[in-house]
Protein chains: 2
Amino acid sequence: MGIIIQKFGGTSLSTPDQRERVCKAIQRERHKGNKVVVVVSAMGRVEDPYATDTLIRLVKEDNLNPNRRELDMLMSCGEIISGVVLTNKLQSQGEKAVFLNGLQAGIKTSADHGDARIVAIETSAVKRYLDQDYVVVVAGFQGFSEDGEITTLGRGGSDVTASALGVALGAEVIDIYTDVEGIMTADPRIVKNARLLDAVTYNEICQLAREGAKVIHPRAVEIAMECNIPLRVRSTFSDGTGTLVGSHGEFNGKSIRIKRDNLITGITQMPDITQIRVDIQGESDLPLRVFKAMALAEISVDFITVNREVVIFTVLQEVAERAQEILKNLGVSVQAEPDCAKVAIVGAAITGIPGVMSKVVEALTLNGITILQSGDSYTNIWCLVKRNQMEQAVKALHDKFDLGNQEGGDF
Amino acid sequence: MGIIIQKFGGTSLSTPDQRERVCKAIQRERHKGNKVVVVVSAMGRVEDPYATDTLIRLVKEDNLNPNRRELDMLMSCGEIISGVVLTNKLQSQGEKAVFLNGLQAGIKTSADHGDARIVAIETSAVKRYLDQDYVVVVAGFQGFSEDGEITTLGRGGSDVTASALGVALGAEVIDIYTDVEGIMTADPRIVKNARLLDAVTYNEICQLAREGAKVIHPRAVEIAMECNIPLRVRSTFSDGTGTLVGSHGEFNGKSIRIKRDNLITGITQMPDITQIRVDIQGESDLPLRVFKAMALAEISVDFITVNREVVIFTVLQEVAERAQEILKNLGVSVQAEPDCAKVAIVGAAITGIPGVMSKVVEALTLNGITILQSGDSYTNIWCLVKRNQMEQAVKALHDKFDLGNQEGGDF
């Protein structure tokens with residue numbers, strides 16, 4: 001029997017009942033004879049006192065730009081609290097369990113506070129406890145730099161911790177437990193007949209995550225992919241086996257080969273986007289000046305269209321005002337379209353297939369949805385729509401490509 | 001100019017307004033040109049989410065006897081959170097400030113989780129930051145063992161951290177900031193004309209603390225006393241200079257010599273005590289069996305009276321039921337007097353003075369207060385009374401010895 005990594009998110013850890021289910025999931029793997037390493041996120045959502053966002057709010061009251069070193073020390077407490085609470089519950093049920101913070105678990109990172117990268121894992125402590133038959137609970141999201149400073153990995157960092165530990169320990173599988181059944185063809189809160197996908201490739205799930213499906217951190221997938229360790233995205237609250245994520249081909253007796261290479265994996269959405277439009281008015285160096293100014297202000301731009309008349313791009317709604325001010329200071333004419341959303345269809349080699357784009361346009365326009373902008377890459381096609389038409393657009397695309405059907409994407 | 005240690009308790013750190021006053025107190029010392037090391041407790045009282053008791057409650061829901069190693073990891077978060085919040089506030093006001101947890105501050109302790117003793121302080125990191133003119137904020141109450149495990153020092157441990165840092169850094173003074181003005185002749189919530197003491201000796205404050213005055217940890221006083229570093233107990237919420245604690249003799253230009261050696265320092269009280277009485281009934285080995293059984297159960301006993309007929313002692317109310325059960329299992333006849341309180345008069349060489357005891361008895365009996373038990377040591381006289389007569393007893397003693405008078409103890 002091998003080593004299993006089990007990662008539990010904040011919503012799986014916030015109440016005693018939920019933690020009881022987490023303990024059952026851990027014990028299920030133990031009873032199969034597996035060695036188990038558990039990676040935890042901070043408990044709960046924004047409103048909970050030990051959630052990462054609540055901890056950040058504590059200092060932002062005094063200081064909108066808190067020092068990142070101290071902020072990392074503060075945020076690391078979220079995972080320590082949830083880790084101790086879970087370890088204690090396991091111990092109360094007679095399990096031999098131990099908790100390690102990022103330093104004790106040997107998670108070495110770069111020194112970029114708030115957005116550190118794992119550079120190595122010193123696994124000796126984890127291995128020593130596994131050898132003594134402990135369930136080893138590890139604080140996700142945190143590590144330490146060469147100088148011994150506490151660091152955090154940024155949003156979704158616990159997924160990254162889980163994958164990196166899986167690779168470092170040569171785990172059989174990395175289980176990402178969450179509050180949904182697995183990877184769906186669309187957000188089930190929007191699309192009633194959204195379907196659970198049994199298996200997807202690393203690339204597909206990365207695409208879905210990048211396009212807004214909040215199910216796993218793309219970096220966690222990349223790390224697992226490098227060593228071909230399978231991931232499972234599954235629910236803490238059911239006995240379902242979730243979605244297996246791996247490479248093409250056989251794996252553990254279960255085929256995860258995609259039936260058709262041109263299958264559409266799913267539909268994603270990303271709200272709270274503002275589209276910005278700058279008239280060039282003959283100033284040929286204007287696009288460069290615009291993007292340099294955005295880069296200097298550390299504002300990410302996306303969906304860029306440049307032609308002789310106009311520069312169009314999008315920014316996250318939360319930085320839209322700041323972006324417009326910066327552009328006005330450049331003396332350019334700026335128009336903004338707030339309250340937009342991006343919807344995308346994601347799949348393998350999607351743009352190679354004739355007629356896909358026309359189906360997308362047909363699905364949206366027949367439903368009275370205005371396409372403000374669109375684009376495509378090798379694996380996806382996206383459209384910018386108004387936020388208040390986002391749900392309708394997702395449903396229209398899911399229906400058009402018949403993704404609720406077990407046979408999958410039809411076009 | 002030298003190094004000043006400033007220790008702030010939880011009630012000084014729980015709201016933004018309070019933290020503003022804390023910042024002012026720090027800046028006041030900085031403006032005098034002092035180097036400042038700040039030691040913080042966890043924020044707030046029992047009901048606050050980041051208070052030590054609230055953190056403990058998180059795990060006790062699942063497990064009444066949580067593993068002490070993990071409990072220490074959990075509790076250490078309380079001081080990290082308050083330390084980061086305070087450091088951030090200082091930084092927001094333009095102060096150069098840095099926060100160090102127990103490990104980073106070099107607080108080496110024994111491995112006794114939950115009740116560790118500081119064995120050494122590796123001051124290089126603190127000194128390096130002080131040399132660079134930082135305000136160094138240090139998490140109180142926590143340290144690390146030789147094995148690198150996180151430890152805590154037990155209740156009041158932040159006072160101990162402050163004193164130990166004061167000694168290790170050769171500080172000029174250790175300021176213990178709290179929510180009272182300083183050391184009073186009695187609890188001002190009980191005695192309206194209780195008087196602030198300008199200066200007391202290390203021994204006197206130790207006695208007061210041991211007899212129930214919750215103003216400073218006795219171990220913190222002992223540590224400061226060993227190196228003769230003065231302490232000041234003062235309020236975060238006023239500009240008063242509080243009570244100076246030192247040795248007899250001149251100090252910093254201010255005499256703290258006690259005017260009369262027989263001065264009574266103050267009156268203390270300690271509620272929630274149960275008196276237990278066991279009939280010996282001719283079994284001469286019974287006292288030994290009783291105390292052995294209590295020791296085995298880790299129940300502290302106090303106020304012991306043994307004679308040929310009876311064994312009398314007191315225990316804290318919270319363990320009284322357990323103590324009685326254990327005694328009943330020994331097959332002895334047990335009587336319990338619940339809801340008692342201890343009141344004490346504390347002073348230098350008090351028992352050497354004729355007539356003190358008679359004044360105590362007179363003060364209490366004339367006020368209709370029953371003395372259930374009494375005793376004395378070199379520096380104090382105590383009486384056990386019913387809890388509902390405690391306040392009255394404290395007032396009666398304070399009046400009788402005229403402690404509200406600036407000239408102090410009259411007898």
# chains A, B, ... in the order shown; residues from 1 in each chain; ligands from 1
call {"tool": "closest_atom_pairs", "arguments": {"of": "chain B", "to": "chain A", "cutoff": "6 Å", "atoms": "only C-alpha atoms", "output": "JSON lines"}}
result
{"residue": "B:Val59", "atom": "CA", "partner": "A:Val85", "partner_atom": "CA", "distance": 5.5}
{"residue": "B:Asp62", "atom": "CA", "partner": "A:Lys89", "partner_atom": "CA", "distance": 5.6}
{"residue": "B:Asn63", "atom": "CA", "partner": "A:Ser92", "partner_atom": "CA", "distance": 5.4}
{"residue": "B:Glu70", "atom": "CA", "partner": "A:Val84", "partner_atom": "CA", "distance": 5.7}
{"residue": "B:Leu74", "atom": "CA", "partner": "A:Ile81", "partner_atom": "CA", "distance": 5.6}
{"residue": "B:Cys77", "atom": "CA", "partner": "A:Cys77", "partner_atom": "CA", "distance": 5.7}
{"residue": "B:Ile81", "atom": "CA", "partner": "A:Leu74", "partner_atom": "CA", "distance": 5.6}
{"residue": "B:Val84", "atom": "CA", "partner": "A:Glu70", "partner_atom": "CA", "distance": 5.8}
{"residue": "B:Val85", "atom": "CA", "partner": "A:Val59", "partner_atom": "CA", "distance": 5.5}
{"residue": "B:Lys89", "atom": "CA", "partner": "A:Asp62", "partner_atom": "CA", "distance": 5.6}
{"residue": "B:Ser92", "atom": "CA", "partner": "A:Asn63", "partner_atom": "CA", "distance": 5.4}
call {"tool": "residues_around", "arguments": {"residues": "Gly2 of chain B", "least_positions_apart": "5", "cutoff": "10 Å", "atoms": "only C-alpha atoms", "output": "JSON, numbers by chain"}}
result
{"B": [32, 33, 34, 35, 36, 169, 170, 171, 172, 173]}
call {"tool": "write_last_selection", "arguments": {"atoms": "N, CA and C atoms", "output": "PDB file, in the first residue's frame"}}
result
ATOM      1  N   LYS B  32      11.842  59.651  23.515  1.00  0.00           N
ATOM      2  CA  LYS B  32      12.868  59.914  24.529  1.00  0.00           C
ATOM      3  C   LYS B  32      14.224  59.373  24.076  1.00  0.00           C
ATOM      4  N   GLY B  33      14.252  58.691  22.939  1.00  0.00           N
ATOM      5  CA  GLY B  33      15.506  58.156  22.423  1.00  0.00           C
ATOM      6  C   GLY B  33      15.790  56.728  22.875  1.00  0.00           C
ATOM      7  N   ASN B  34      14.804  56.095  23.501  1.00  0.00           N
ATOM      8  CA  ASN B  34      15.020  54.724  23.960  1.00  0.00           C
ATOM      9  C   ASN B  34      14.861  53.720  22.829  1.00  0.00           C
ATOM     10  N   LYS B  35      15.542  52.594  22.955  1.00  0.00           N
ATOM     11  CA  LYS B  35      15.275  51.448  22.094  1.00  0.00           C
ATOM     12  C   LYS B  35      14.153  50.652  22.754  1.00  0.00           C
ATOM     13  N   VAL B  36      13.183  50.212  21.964  1.00  0.00           N
ATOM     14  CA  VAL B  36      11.990  49.610  22.547  1.00  0.00           C
ATOM     15  C   VAL B  36      11.771  48.180  22.045  1.00  0.00           C
ATOM     16  N   LEU B 169      18.609  41.376  27.692  1.00  0.00           N
ATOM     17  CA  LEU B 169      19.062  42.558  26.945  1.00  0.00           C
ATOM     18  C   LEU B 169      19.636  43.640  27.857  1.00  0.00           C
ATOM     19  N   GLY B 170      19.627  43.399  29.175  1.00  0.00           N
ATOM     20  CA  GLY B 170      20.083  44.421  30.111  1.00  0.00           C
ATOM     21  C   GLY B 170      19.237  45.688  30.032  1.00  0.00           C
ATOM     22  N   ALA B 171      17.917  45.518  30.046  1.00  0.00           N
ATOM     23  CA  ALA B 171      17.012  46.666  29.898  1.00  0.00           C
ATOM     24  C   ALA B 171      17.086  47.587  31.114  1.00  0.00           C
ATOM     25  N   GLU B 172      16.739  48.856  30.894  1.00  0.00           N
ATOM     26  CA  GLU B 172      16.684  49.824  31.994  1.00  0.00           C
ATOM     27  C   GLU B 172      15.485  49.559  32.891  1.00  0.00           C
ATOM     28  N   VAL B 173      14.378  49.201  32.252  1.00  0.00           N
ATOM     29  CA  VAL B 173      13.147  48.981  33.003  1.00  0.00           C
ATOM     30  C   VAL B 173      12.237  48.080  32.174  1.00  0.00           C
TER      31      VAL B 173
END
call {"tool": "residues_around", "arguments": {"residues": "Ala297 of chain A", "least_positions_apart": "4", "cutoff": "10 Å", "atoms": "only C-alpha atoms", "output": "PyMOL selection string"}}
result
chain A and resi 291-293+322-323+326
call {"tool": "residues_around", "arguments": {"residues": "segment 229-236 of chain B", "least_positions_apart": "2", "cutoff": "6 Å", "atoms": "only C-alpha atoms", "output": "PyMOL selection string"}}
result
chain B and resi 173-182+224+227+238+242-246
call {"tool": "select_by_dssp", "arguments": {"residues": "segment 271-342 of chain B", "states": "helix (DSSP H, G or I)", "output": "list in words"}}
result
Leu286, Pro287, Leu288, Arg289, Val290, Phe291, Lys292, Ala293, Met294, Ala295, Leu296, Gln317, Glu318, Val319, Ala320, Glu321, Arg322, Ala323, Gln324, Glu325, Ile326, Leu327, Lys328 and Asn329 of chain B
call {"tool": "write_last_selection", "arguments": {"atoms": "N, CA and C atoms", "output": "compact mmCIF listing (two decimals), in the first residue's frame"}}
result
# COMPACT_ATOMS: atom_id res chain seq x y z
N LEU B 286 -4.33 7.87 57.71
CA LEU B 286 -5.30 8.48 56.79
C LEU B 286 -4.79 9.78 56.16
N PRO B 287 -4.21 10.73 56.95
CA PRO B 287 -3.73 11.96 56.30
C PRO B 287 -2.80 11.67 55.12
N LEU B 288 -1.87 10.75 55.30
CA LEU B 288 -0.94 10.41 54.24
C LEU B 288 -1.68 9.87 53.02
N ARG B 289 -2.64 8.95 53.26
CA ARG B 289 -3.40 8.37 52.15
C ARG B 289 -4.18 9.45 51.39
N VAL B 290 -4.75 10.39 52.15
CA VAL B 290 -5.53 11.48 51.54
C VAL B 290 -4.64 12.31 50.61
N PHE B 291 -3.48 12.75 51.14
CA PHE B 291 -2.65 13.65 50.33
C PHE B 291 -1.99 12.93 49.17
N LYS B 292 -1.68 11.63 49.37
CA LYS B 292 -1.15 10.85 48.26
C LYS B 292 -2.17 10.74 47.13
N ALA B 293 -3.42 10.51 47.51
CA ALA B 293 -4.48 10.37 46.50
C ALA B 293 -4.67 11.68 45.73
N MET B 294 -4.60 12.81 46.46
CA MET B 294 -4.75 14.11 45.80
C MET B 294 -3.58 14.35 44.84
N ALA B 295 -2.38 14.02 45.29
CA ALA B 295 -1.19 14.23 44.47
C ALA B 295 -1.27 13.39 43.19
N LEU B 296 -1.72 12.15 43.35
CA LEU B 296 -1.82 11.24 42.21
C LEU B 296 -2.79 11.80 41.16
N GLN B 317 -12.53 25.34 43.51
CA GLN B 317 -13.91 24.89 43.31
C GLN B 317 -14.05 23.95 42.10
N GLU B 318 -13.30 24.27 41.01
CA GLU B 318 -13.47 23.51 39.77
C GLU B 318 -13.06 22.04 39.87
N VAL B 319 -12.24 21.71 40.87
CA VAL B 319 -11.85 20.30 41.02
C VAL B 319 -12.44 19.67 42.27
N ALA B 320 -13.32 20.42 42.95
CA ALA B 320 -13.83 19.97 44.25
C ALA B 320 -14.62 18.67 44.14
N GLU B 321 -15.46 18.55 43.11
CA GLU B 321 -16.27 17.33 42.98
C GLU B 321 -15.39 16.11 42.75
N ARG B 322 -14.38 16.30 41.90
CA ARG B 322 -13.47 15.20 41.60
C ARG B 322 -12.72 14.79 42.87
N ALA B 323 -12.29 15.78 43.65
CA ALA B 323 -11.56 15.49 44.89
C ALA B 323 -12.44 14.68 45.84
N GLN B 324 -13.71 15.07 45.96
CA GLN B 324 -14.60 14.36 46.89
C GLN B 324 -14.83 12.92 46.45
N GLU B 325 -14.98 12.72 45.14
CA GLU B 325 -15.19 11.36 44.64
C GLU B 325 -13.99 10.48 44.97
N ILE B 326 -12.80 11.03 44.75
CA ILE B 326 -11.58 10.27 45.02
C ILE B 326 -11.52 9.87 46.49
N LEU B 327 -11.89 10.83 47.37
CA LEU B 327 -11.83 10.55 48.80
C LEU B 327 -12.87 9.52 49.19
N LYS B 328 -14.07 9.60 48.60
CA LYS B 328 -15.10 8.61 48.91
C LYS B 328 -14.64 7.21 48.51
N ASN B 329 -13.91 7.14 47.39
CA ASN B 329 -13.38 5.85 46.96
C ASN B 329 -12.34 5.28 47.92
call {"tool": "atom_distance", "arguments": {"atom1": "atom CA of Asp147 of chain B", "atom2": "atom CA of Ala111 of chain A"}}
result
25.0 Å
call {"tool": "residues_around", "arguments": {"residues": "segment 196-210 of chain B", "least_positions_apart": "4", "cutoff": "8 Å", "atoms": "only C-alpha atoms", "output": "number ranges by chain"}}
result
B: 181-185, 214-218, 221-222, 225, 242-248, 256, 258, 265-266, 268, 346-348, 379-380
call {"tool": "write_last_selection", "arguments": {"atoms": "N, CA and C atoms", "output": "PDB file, in the first residue's frame"}}
result
ATOM      1  N   GLU B 181      -4.359  51.045  37.106  1.00  0.00           N
ATOM      2  CA  GLU B 181      -3.368  52.119  37.253  1.00  0.00           C
ATOM      3  C   GLU B 181      -2.030  51.649  37.807  1.00  0.00           C
ATOM      4  N   GLY B 182      -2.048  50.496  38.476  1.00  0.00           N
ATOM      5  CA  GLY B 182      -0.823  49.992  39.105  1.00  0.00           C
ATOM      6  C   GLY B 182      -1.220  49.046  40.226  1.00  0.00           C
ATOM      7  N   ILE B 183      -0.337  48.904  41.186  1.00  0.00           N
ATOM      8  CA  ILE B 183      -0.645  48.046  42.328  1.00  0.00           C
ATOM      9  C   ILE B 183      -1.445  48.872  43.342  1.00  0.00           C
ATOM     10  N   MET B 184      -2.595  48.346  43.756  1.00  0.00           N
ATOM     11  CA  MET B 184      -3.472  49.059  44.677  1.00  0.00           C
ATOM     12  C   MET B 184      -3.448  48.351  46.034  1.00  0.00           C
ATOM     13  N   THR B 185      -3.875  49.064  47.060  1.00  0.00           N
ATOM     14  CA  THR B 185      -3.942  48.454  48.395  1.00  0.00           C
ATOM     15  C   THR B 185      -5.045  47.402  48.473  1.00  0.00           C
ATOM     16  N   LYS B 214      -4.197  39.775  40.566  1.00  0.00           N
ATOM     17  CA  LYS B 214      -3.855  39.284  39.220  1.00  0.00           C
ATOM     18  C   LYS B 214      -3.122  40.327  38.415  1.00  0.00           C
ATOM     19  N   VAL B 215      -2.085  40.913  38.944  1.00  0.00           N
ATOM     20  CA  VAL B 215      -1.501  42.057  38.292  1.00  0.00           C
ATOM     21  C   VAL B 215      -0.223  41.711  37.539  1.00  0.00           C
ATOM     22  N   ILE B 216       0.472  40.694  37.969  1.00  0.00           N
ATOM     23  CA  ILE B 216       1.705  40.281  37.290  1.00  0.00           C
ATOM     24  C   ILE B 216       2.041  38.858  37.716  1.00  0.00           C
ATOM     25  N   HIS B 217       2.710  38.139  36.820  1.00  0.00           N
ATOM     26  CA  HIS B 217       3.075  36.756  37.111  1.00  0.00           C
ATOM     27  C   HIS B 217       4.249  36.733  38.101  1.00  0.00           C
ATOM     28  N   PRO B 218       4.142  35.994  39.214  1.00  0.00           N
ATOM     29  CA  PRO B 218       5.224  35.977  40.211  1.00  0.00           C
ATOM     30  C   PRO B 218       6.579  35.588  39.615  1.00  0.00           C
ATOM     31  N   VAL B 221       8.415  38.477  38.229  1.00  0.00           N
ATOM     32  CA  VAL B 221       9.025  39.303  39.272  1.00  0.00           C
ATOM     33  C   VAL B 221      10.340  38.681  39.728  1.00  0.00           C
ATOM     34  N   GLU B 222      10.330  37.371  39.948  1.00  0.00           N
ATOM     35  CA  GLU B 222      11.547  36.682  40.399  1.00  0.00           C
ATOM     36  C   GLU B 222      12.700  36.874  39.413  1.00  0.00           C
ATOM     37  N   MET B 225      13.985  40.370  39.596  1.00  0.00           N
ATOM     38  CA  MET B 225      14.644  40.555  40.885  1.00  0.00           C
ATOM     39  C   MET B 225      16.063  39.998  40.867  1.00  0.00           C
ATOM     40  N   GLY B 242       2.210  54.694  37.321  1.00  0.00           N
ATOM     41  CA  GLY B 242       1.977  53.373  37.893  1.00  0.00           C
ATOM     42  C   GLY B 242       2.760  53.112  39.160  1.00  0.00           C
ATOM     43  N   THR B 243       3.028  51.841  39.389  1.00  0.00           N
ATOM     44  CA  THR B 243       3.759  51.419  40.581  1.00  0.00           C
ATOM     45  C   THR B 243       5.131  50.902  40.173  1.00  0.00           C
ATOM     46  N   LEU B 244       6.156  51.441  40.815  1.00  0.00           N
ATOM     47  CA  LEU B 244       7.511  50.979  40.550  1.00  0.00           C
ATOM     48  C   LEU B 244       7.799  49.781  41.455  1.00  0.00           C
ATOM     49  N   VAL B 245       8.397  48.751  40.892  1.00  0.00           N
ATOM     50  CA  VAL B 245       8.719  47.556  41.664  1.00  0.00           C
ATOM     51  C   VAL B 245      10.231  47.374  41.629  1.00  0.00           C
ATOM     52  N   GLY B 246      10.854  47.324  42.775  1.00  0.00           N
ATOM     53  CA  GLY B 246      12.303  47.160  42.801  1.00  0.00           C
ATOM     54  C   GLY B 246      12.777  46.647  44.151  1.00  0.00           C
ATOM     55  N   SER B 247      14.065  46.859  44.423  1.00  0.00           N
ATOM     56  CA  SER B 247      14.598  46.494  45.739  1.00  0.00           C
ATOM     57  C   SER B 247      14.477  47.698  46.662  1.00  0.00           C
ATOM     58  N   HIS B 248      14.779  47.487  47.912  1.00  0.00           N
ATOM     59  CA  HIS B 248      14.920  48.606  48.830  1.00  0.00           C
ATOM     60  C   HIS B 248      16.004  49.540  48.309  1.00  0.00           C
ATOM     61  N   ILE B 256      12.556  54.039  46.444  1.00  0.00           N
ATOM     62  CA  ILE B 256      11.435  53.128  46.622  1.00  0.00           C
ATOM     63  C   ILE B 256      11.586  52.412  47.963  1.00  0.00           C
ATOM     64  N   ILE B 258      10.756  51.467  51.476  1.00  0.00           N
ATOM     65  CA  ILE B 258       9.491  51.443  52.199  1.00  0.00           C
ATOM     66  C   ILE B 258       9.645  52.254  53.473  1.00  0.00           C
ATOM     67  N   THR B 265       1.089  46.004  52.744  1.00  0.00           N
ATOM     68  CA  THR B 265       1.055  46.360  51.331  1.00  0.00           C
ATOM     69  C   THR B 265      -0.379  46.450  50.821  1.00  0.00           C
ATOM     70  N   GLY B 266      -1.163  45.439  51.156  1.00  0.00           N
ATOM     71  CA  GLY B 266      -2.520  45.457  50.644  1.00  0.00           C
ATOM     72  C   GLY B 266      -3.341  44.263  51.089  1.00  0.00           C
ATOM     73  N   THR B 268      -5.796  41.186  49.613  1.00  0.00           N
ATOM     74  CA  THR B 268      -6.119  40.433  48.398  1.00  0.00           C
ATOM     75  C   THR B 268      -7.278  39.487  48.658  1.00  0.00           C
ATOM     76  N   VAL B 346      -1.364  41.370  53.263  1.00  0.00           N
ATOM     77  CA  VAL B 346      -0.011  41.056  52.823  1.00  0.00           C
ATOM     78  C   VAL B 346       0.899  42.230  53.184  1.00  0.00           C
ATOM     79  N   GLY B 347       2.057  41.931  53.743  1.00  0.00           N
ATOM     80  CA  GLY B 347       3.000  42.998  54.064  1.00  0.00           C
ATOM     81  C   GLY B 347       4.317  42.423  54.499  1.00  0.00           C
ATOM     82  N   ALA B 348       5.278  43.286  54.740  1.00  0.00           N
ATOM     83  CA  ALA B 348       6.599  42.832  55.149  1.00  0.00           C
ATOM     84  C   ALA B 348       6.581  42.455  56.632  1.00  0.00           C
ATOM     85  N   THR B 379       4.928  36.797  55.771  1.00  0.00           N
ATOM     86  CA  THR B 379       4.507  38.040  55.118  1.00  0.00           C
ATOM     87  C   THR B 379       3.002  38.198  54.953  1.00  0.00           C
ATOM     88  N   ASN B 380       2.208  37.246  55.447  1.00  0.00           N
ATOM     89  CA  ASN B 380       0.767  37.445  55.298  1.00  0.00           C
ATOM     90  C   ASN B 380      -0.053  36.715  56.350  1.00  0.00           C
TER      91      ASN B 380
END
call {"tool": "atom_distance", "arguments": {"atom1": "atom CA of Asp339 of chain A", "atom2": "atom CA of Arg277 of chain A"}}
result
14.4 Å
call {"tool": "closest_residue", "arguments": {"among": "B:Ile371, B:Tyr129, B:Val278, B:Pro271", "to": "Asn388 of chain B", "atoms": "only C-alpha atoms"}}
result
B:Pro271
call {"tool": "decode", "arguments": {"residues": "segment 163-211 of chain B", "atoms": "C-alpha atoms", "output": "PDB file, in the first residue's frame"}}
result
ATOM      1  CA  SER B 163      11.154  39.944  32.222  1.00  0.00           C
ATOM      2  CA  ALA B 164      13.402  37.353  30.615  1.00  0.00           C
ATOM      3  CA  LEU B 165      13.995  39.627  27.595  1.00  0.00           C
ATOM      4  CA  GLY B 166      14.658  42.527  29.975  1.00  0.00           C
ATOM      5  CA  VAL B 167      17.322  40.528  31.755  1.00  0.00           C
ATOM      6  CA  ALA B 168      18.836  39.103  28.553  1.00  0.00           C
ATOM      7  CA  LEU B 169      19.062  42.558  26.945  1.00  0.00           C
ATOM      8  CA  GLY B 170      20.083  44.421  30.111  1.00  0.00           C
ATOM      9  CA  ALA B 171      17.012  46.666  29.898  1.00  0.00           C
ATOM     10  CA  GLU B 172      16.684  49.824  31.994  1.00  0.00           C
ATOM     11  CA  VAL B 173      13.147  48.981  33.003  1.00  0.00           C
ATOM     12  CA  ILE B 174      10.423  46.463  32.228  1.00  0.00           C
ATOM     13  CA  ASP B 175       7.049  48.179  31.842  1.00  0.00           C
ATOM     14  CA  ILE B 176       4.044  45.916  32.404  1.00  0.00           C
ATOM     15  CA  TYR B 177       1.084  47.750  30.835  1.00  0.00           C
ATOM     16  CA  THR B 178      -2.338  46.668  31.995  1.00  0.00           C
ATOM     17  CA  ASP B 179      -5.895  47.930  32.411  1.00  0.00           C
ATOM     18  CA  VAL B 180      -5.385  49.151  36.005  1.00  0.00           C
ATOM     19  CA  GLU B 181      -3.368  52.119  37.253  1.00  0.00           C
ATOM     20  CA  GLY B 182      -0.823  49.992  39.105  1.00  0.00           C
ATOM     21  CA  ILE B 183      -0.645  48.046  42.328  1.00  0.00           C
ATOM     22  CA  MET B 184      -3.472  49.059  44.677  1.00  0.00           C
ATOM     23  CA  THR B 185      -3.942  48.454  48.395  1.00  0.00           C
ATOM     24  CA  ALA B 186      -7.029  46.421  47.429  1.00  0.00           C
ATOM     25  CA  ASP B 187      -9.148  45.638  44.379  1.00  0.00           C
ATOM     26  CA  PRO B 188     -10.731  49.035  43.544  1.00  0.00           C
ATOM     27  CA  ARG B 189     -13.878  47.297  42.302  1.00  0.00           C
ATOM     28  CA  ILE B 190     -14.422  46.183  45.904  1.00  0.00           C
ATOM     29  CA  VAL B 191     -12.838  48.953  47.957  1.00  0.00           C
ATOM     30  CA  LYS B 192     -13.680  52.471  46.783  1.00  0.00           C
ATOM     31  CA  ASN B 193     -10.846  54.208  48.622  1.00  0.00           C
ATOM     32  CA  ALA B 194      -8.224  51.658  47.599  1.00  0.00           C
ATOM     33  CA  ARG B 195      -4.988  53.546  47.068  1.00  0.00           C
ATOM     34  CA  LEU B 196      -2.370  53.292  44.307  1.00  0.00           C
ATOM     35  CA  LEU B 197       1.034  52.310  45.696  1.00  0.00           C
ATOM     36  CA  ASP B 198       3.903  54.379  44.250  1.00  0.00           C
ATOM     37  CA  ALA B 199       6.473  51.726  44.903  1.00  0.00           C
ATOM     38  CA  VAL B 200       6.669  48.208  46.292  1.00  0.00           C
ATOM     39  CA  THR B 201       9.462  45.688  46.623  1.00  0.00           C
ATOM     40  CA  TYR B 202       9.824  42.579  44.480  1.00  0.00           C
ATOM     41  CA  ASN B 203       8.916  40.477  47.505  1.00  0.00           C
ATOM     42  CA  GLU B 204       5.769  42.399  48.252  1.00  0.00           C
ATOM     43  CA  ILE B 205       4.427  42.166  44.723  1.00  0.00           C
ATOM     44  CA  CYS B 206       5.225  38.445  44.634  1.00  0.00           C
ATOM     45  CA  GLN B 207       3.222  37.976  47.813  1.00  0.00           C
ATOM     46  CA  LEU B 208       0.303  39.961  46.437  1.00  0.00           C
ATOM     47  CA  ALA B 209       0.328  37.975  43.208  1.00  0.00           C
ATOM     48  CA  ARG B 210       0.482  34.639  45.038  1.00  0.00           C
ATOM     49  CA  GLU B 211      -2.451  35.656  47.229  1.00  0.00           C
TER      50      GLU B 211
END
